[in-house]
Amino acid sequence: MLYNAHFGIYVDVAMSVEDKSKSLLPFLSSPKLLPDESEAEFQSGLQSLLSELDNPSPLAVALVSQLNECLWWIKRHTVDKELLLHEAMARLLSKAGSHSETYDNRKVSEALERYLDGRADKDEAEWIDEVLAESKLTLSDLRVRAFKDAAKYIKMVDDLIHRQHQTIRHLQRSIDSIDYKSRLIKRMDLELAALESKQSVKGALSLDDKSS
Amino acid sequence: MTINPRRNLANRCNALKSTGPRSTAGKRASSQNSRKHGLNSTPDFESSLEYRALVDLIAEEGFSGFVCADIAAGLLNYRRVMDAYYDTYTSPEPVDEFMRDMNVMASIPIFRELLIPSGSEPQDVKEMATFFTHMQRQERRKGGPVSRRSADSHKLIRYQRNGIARLSRAVRQG
């Protein structure tokens, strides 16, 4: 039997567990990446997590792929914190100085980015230095002020990161529970097998006694 | 295409006179304006193919029928939340750069030019300037694209919390 869901699950009953787990991947972890993100990096993270699974059952694979996505979100939100600071710095700069009417926020943001990377042309660098001097600020002062301004949003991003950590904790507990369950089943199977073999040995001995 | 600030301002002034959509299609489109993520609606997972495929796969791991159904629904629900989270994150409310960067005081002569010929009073020009200042303040308060997407994503935290708790509970019950 073949299921062909529109999300892309292809599951054949004759498949091995590992193949079934793989068939779940496009559905549960089809990476929804941003244009500048690397799919190879995302997949390598997922593969390294999957390789640590003792028992790669479909459900465990599904949970691990969710866990990988959480880690990816944490990475995104960490970058966002730096972007928020940059946004606030650009806003402060565009409001400061006597050129505030002629420079719009986007221009300032791009100029500041180049300035911080050391790629700014002479005019841009001079303009930023001039605005900083007029406002009696250094670059680190500007950063501190920007941090104050963006504190509300930085706190929001911290909450988002915290949420991902909590989700990871839930997923880990779930994976542990599946692992524990499978171990328990294995152990019970072994005990049952041991009991059966004991029983058969006892049966053989009693037959021997009777015959002698 | 270059945006003429004067034309842009005139369009916005005329838009203020609008009383909303008139056509059926326009009304249908605007009725969805306040819809954000759709996570408050009750989903029907049971009739989907992916739900049945998941239930069958999970059943092979030795879970009972009820637990399989719970886990599959929990997993699909969590995916639904995370997809909405991604959509919210990638499409925040766009920044109205014109409104954010416009110089309201310098636009007063343009307001005058636009309003006086249609018989408006000088007081109306002043009110128009006050209105635009208010709109600009609101626009600036929302911050840039990163602030907006952070604020929008932050609203989905509770859905994530409930989604993962439901999934985790279903798995551990089994």
# chains A, B, ... in the order shown; residues from 1 in each chain; ligands from 1
call {"tool": "closest_atom_pairs", "arguments": {"of": "chain A", "to": "chain B", "cutoff": "7 Å", "atoms": "only C-alpha atoms", "output": "Markdown table"}}
result
| residue | atom | partner | partner_atom | distance |
| --- | --- | --- | --- | --- |
| A:Tyr3 | CA | B:Ala53 | CA | 6.5 |
| A:Ala5 | CA | B:Leu49 | CA | 5.4 |
| A:Ile9 | CA | B:Glu50 | CA | 6.9 |
| A:Pro58 | CA | B:Leu57 | CA | 6.8 |
| A:Leu59 | CA | B:Ile58 | CA | 6.3 |
| A:Asp80 | CA | B:Val146 | CA | 6.7 |
| A:Leu83 | CA | B:Val146 | CA | 6.9 |
| A:Leu84 | CA | B:Val146 | CA | 6.1 |
| A:Glu87 | CA | B:Gly144 | CA | 6.6 |
| A:Asp104 | CA | B:Asp101 | CA | 6.0 |
| A:Tyr153 | CA | B:Ser147 | CA | 6.0 |
| A:Met156 | CA | B:His154 | CA | 6.3 |
| A:Val157 | CA | B:Ser150 | CA | 6.2 |
| A:Leu160 | CA | B:His154 | CA | 6.5 |
| A:Arg163 | CA | B:Ile157 | CA | 7.0 |
| A:Thr167 | CA | B:Ile164 | CA | 6.4 |
| A:His170 | CA | B:Ser168 | CA | 6.0 |
| A:Leu171 | CA | B:Ser168 | CA | 6.7 |
| A:Ser174 | CA | B:Ser168 | CA | 5.6 |
| A:Ser177 | CA | B:Arg172 | CA | 5.9 |
call {"tool": "write_last_selection", "arguments": {"atoms": "C-alpha atoms", "output": "compact mmCIF listing (two decimals), in the first residue's frame"}}
result
# COMPACT_ATOMS: atom_id res chain seq x y z
CA TYR A 3 0.25 6.66 0.74
CA ALA A 5 -0.05 12.73 0.80
CA ILE A 9 4.84 11.12 2.44
CA PRO A 58 9.84 6.85 12.53
CA LEU A 59 8.50 8.70 15.56
CA ASP A 80 18.01 38.97 14.92
CA LEU A 83 20.06 43.13 13.60
CA LEU A 84 17.80 44.85 16.12
CA GLU A 87 18.31 48.93 13.26
CA ASP A 104 16.46 58.49 5.09
CA TYR A 153 12.35 44.01 21.11
CA MET A 156 10.94 39.68 22.84
CA VAL A 157 13.65 37.85 20.90
CA LEU A 160 11.45 33.50 21.50
CA ARG A 163 10.56 29.19 24.01
CA THR A 167 10.43 23.08 23.21
CA HIS A 170 9.90 18.69 25.73
CA LEU A 171 11.19 16.95 22.62
CA SER A 174 9.59 12.58 24.44
CA SER A 177 10.35 8.16 26.65
call {"tool": "select_by_dssp", "arguments": {"residues": "segment 15-153 of chain A", "states": "alpha helix (DSSP H)", "output": "number ranges by chain"}}
result
A: 17-29, 39-51, 58-95, 105-117, 122-134, 139-149, 151-153
call {"tool": "write_last_selection", "arguments": {"atoms": "C-alpha atoms", "output": "mmCIF file, in the first residue's frame"}}
result
data_model
loop_
_atom_site.group_PDB
_atom_site.id
_atom_site.type_symbol
_atom_site.label_atom_id
_atom_site.label_comp_id
_atom_site.auth_asym_id
_atom_site.auth_seq_id
_atom_site.Cartn_x
_atom_site.Cartn_y
_atom_site.Cartn_z
ATOM 1 C CA VAL A 17 11.918 1.048 9.559
ATOM 2 C CA GLU A 18 14.871 3.152 8.461
ATOM 3 C CA ASP A 19 13.348 3.758 5.017
ATOM 4 C CA LYS A 20 10.042 4.702 6.592
ATOM 5 C CA SER A 21 11.831 7.150 8.858
ATOM 6 C CA LYS A 22 13.496 8.684 5.832
ATOM 7 C CA SER A 23 10.170 8.898 4.020
ATOM 8 C CA LEU A 24 8.849 11.041 6.863
ATOM 9 C CA LEU A 25 11.637 13.572 6.529
ATOM 10 C CA PRO A 26 10.352 15.604 3.579
ATOM 11 C CA PHE A 27 7.026 16.030 5.347
ATOM 12 C CA LEU A 28 8.224 16.780 8.860
ATOM 13 C CA SER A 29 11.445 18.571 8.196
ATOM 14 C CA GLU A 39 20.259 23.911 3.148
ATOM 15 C CA ALA A 40 23.419 21.801 3.344
ATOM 16 C CA GLU A 41 24.127 23.184 6.833
ATOM 17 C CA PHE A 42 20.549 22.470 7.915
ATOM 18 C CA GLN A 43 20.715 18.904 6.612
ATOM 19 C CA SER A 44 24.134 18.217 8.137
ATOM 20 C CA GLY A 45 22.794 19.308 11.549
ATOM 21 C CA LEU A 46 19.847 16.967 11.108
ATOM 22 C CA GLN A 47 22.034 14.059 10.030
ATOM 23 C CA SER A 48 24.366 14.500 13.003
ATOM 24 C CA LEU A 49 21.387 14.450 15.379
ATOM 25 C CA LEU A 50 19.912 11.399 13.663
ATOM 26 C CA SER A 51 23.227 9.562 13.887
ATOM 27 C CA PRO A 58 9.841 6.847 12.526
ATOM 28 C CA LEU A 59 8.496 8.697 15.559
ATOM 29 C CA ALA A 60 11.979 9.313 16.973
ATOM 30 C CA VAL A 61 13.090 10.638 13.583
ATOM 31 C CA ALA A 62 10.052 12.899 13.436
ATOM 32 C CA LEU A 63 10.839 14.323 16.884
ATOM 33 C CA VAL A 64 14.536 14.754 16.127
ATOM 34 C CA SER A 65 13.734 16.688 12.965
ATOM 35 C CA GLN A 66 11.561 19.035 15.044
ATOM 36 C CA LEU A 67 14.442 19.411 17.473
ATOM 37 C CA ASN A 68 16.775 20.336 14.627
ATOM 38 C CA GLU A 69 14.325 22.991 13.508
ATOM 39 C CA CYS A 70 14.284 24.462 17.035
ATOM 40 C CA LEU A 71 18.074 24.738 16.974
ATOM 41 C CA TRP A 72 17.812 26.486 13.622
ATOM 42 C CA TRP A 73 15.291 28.966 15.042
ATOM 43 C CA ILE A 74 17.618 29.725 17.945
ATOM 44 C CA LYS A 75 20.339 30.538 15.418
ATOM 45 C CA ARG A 76 17.975 32.831 13.477
ATOM 46 C CA HIS A 77 16.805 34.668 16.562
ATOM 47 C CA THR A 78 20.377 35.165 17.782
ATOM 48 C CA VAL A 79 21.180 36.901 14.482
ATOM 49 C CA ASP A 80 18.013 38.971 14.915
ATOM 50 C CA LYS A 81 19.284 40.369 18.212
ATOM 51 C CA GLU A 82 22.297 41.842 16.424
ATOM 52 C CA LEU A 83 20.062 43.133 13.597
ATOM 53 C CA LEU A 84 17.799 44.852 16.119
ATOM 54 C CA LEU A 85 20.787 46.680 17.546
ATOM 55 C CA HIS A 86 21.830 47.715 14.057
ATOM 56 C CA GLU A 87 18.312 48.927 13.264
ATOM 57 C CA ALA A 88 18.245 51.049 16.436
ATOM 58 C CA MET A 89 21.719 52.456 15.745
ATOM 59 C CA ALA A 90 20.652 53.477 12.232
ATOM 60 C CA ARG A 91 17.502 55.090 13.599
ATOM 61 C CA LEU A 92 19.482 57.097 16.139
ATOM 62 C CA LEU A 93 21.980 58.178 13.489
ATOM 63 C CA SER A 94 19.296 59.261 11.015
ATOM 64 C CA LYS A 95 17.678 61.411 13.697
ATOM 65 C CA ASN A 105 16.616 55.503 7.412
ATOM 66 C CA ARG A 106 17.446 52.911 4.751
ATOM 67 C CA LYS A 107 20.379 54.914 3.391
ATOM 68 C CA VAL A 108 21.730 55.398 6.917
ATOM 69 C CA SER A 109 21.316 51.697 7.709
ATOM 70 C CA GLU A 110 23.242 50.641 4.610
ATOM 71 C CA ALA A 111 25.944 53.262 5.210
ATOM 72 C CA LEU A 112 26.318 52.171 8.830
ATOM 73 C CA GLU A 113 26.602 48.527 7.808
ATOM 74 C CA ARG A 114 29.414 49.343 5.398
ATOM 75 C CA TYR A 115 31.048 51.607 7.988
ATOM 76 C CA LEU A 116 31.052 48.882 10.637
ATOM 77 C CA ASP A 117 32.426 46.344 8.138
ATOM 78 C CA LYS A 122 35.167 58.226 2.051
ATOM 79 C CA ASP A 123 31.970 60.314 1.930
ATOM 80 C CA GLU A 124 29.942 57.848 3.976
ATOM 81 C CA ALA A 125 32.663 57.432 6.588
ATOM 82 C CA GLU A 126 33.076 61.197 6.869
ATOM 83 C CA TRP A 127 29.329 61.691 7.189
ATOM 84 C CA ILE A 128 28.995 59.115 9.960
ATOM 85 C CA ASP A 129 32.013 60.541 11.805
ATOM 86 C CA GLU A 130 30.546 64.018 11.458
ATOM 87 C CA VAL A 131 27.113 63.004 12.801
ATOM 88 C CA LEU A 132 28.734 61.169 15.712
ATOM 89 C CA ALA A 133 30.891 64.208 16.487
ATOM 90 C CA GLU A 134 27.889 66.579 16.279
ATOM 91 C CA LEU A 139 30.424 54.309 18.289
ATOM 92 C CA SER A 140 30.200 52.413 21.577
ATOM 93 C CA ASP A 141 27.963 55.154 23.063
ATOM 94 C CA LEU A 142 25.724 54.810 20.046
ATOM 95 C CA ARG A 143 25.581 51.053 20.596
ATOM 96 C CA VAL A 144 24.669 51.520 24.268
ATOM 97 C CA ARG A 145 21.893 53.975 23.382
ATOM 98 C CA ALA A 146 20.653 51.670 20.643
ATOM 99 C CA PHE A 147 20.569 48.809 23.136
ATOM 100 C CA LYS A 148 18.405 50.915 25.446
ATOM 101 C CA ASP A 149 16.074 51.849 22.589
ATOM 102 C CA ALA A 151 15.517 46.702 24.761
ATOM 103 C CA LYS A 152 11.809 45.934 24.352
ATOM 104 C CA TYR A 153 12.346 44.012 21.113
#
call {"tool": "atom_distance", "arguments": {"atom1": "atom CA of Ser57 of chain A", "atom2": "atom CA of Val55 of chain B"}}
result
13.5 Å
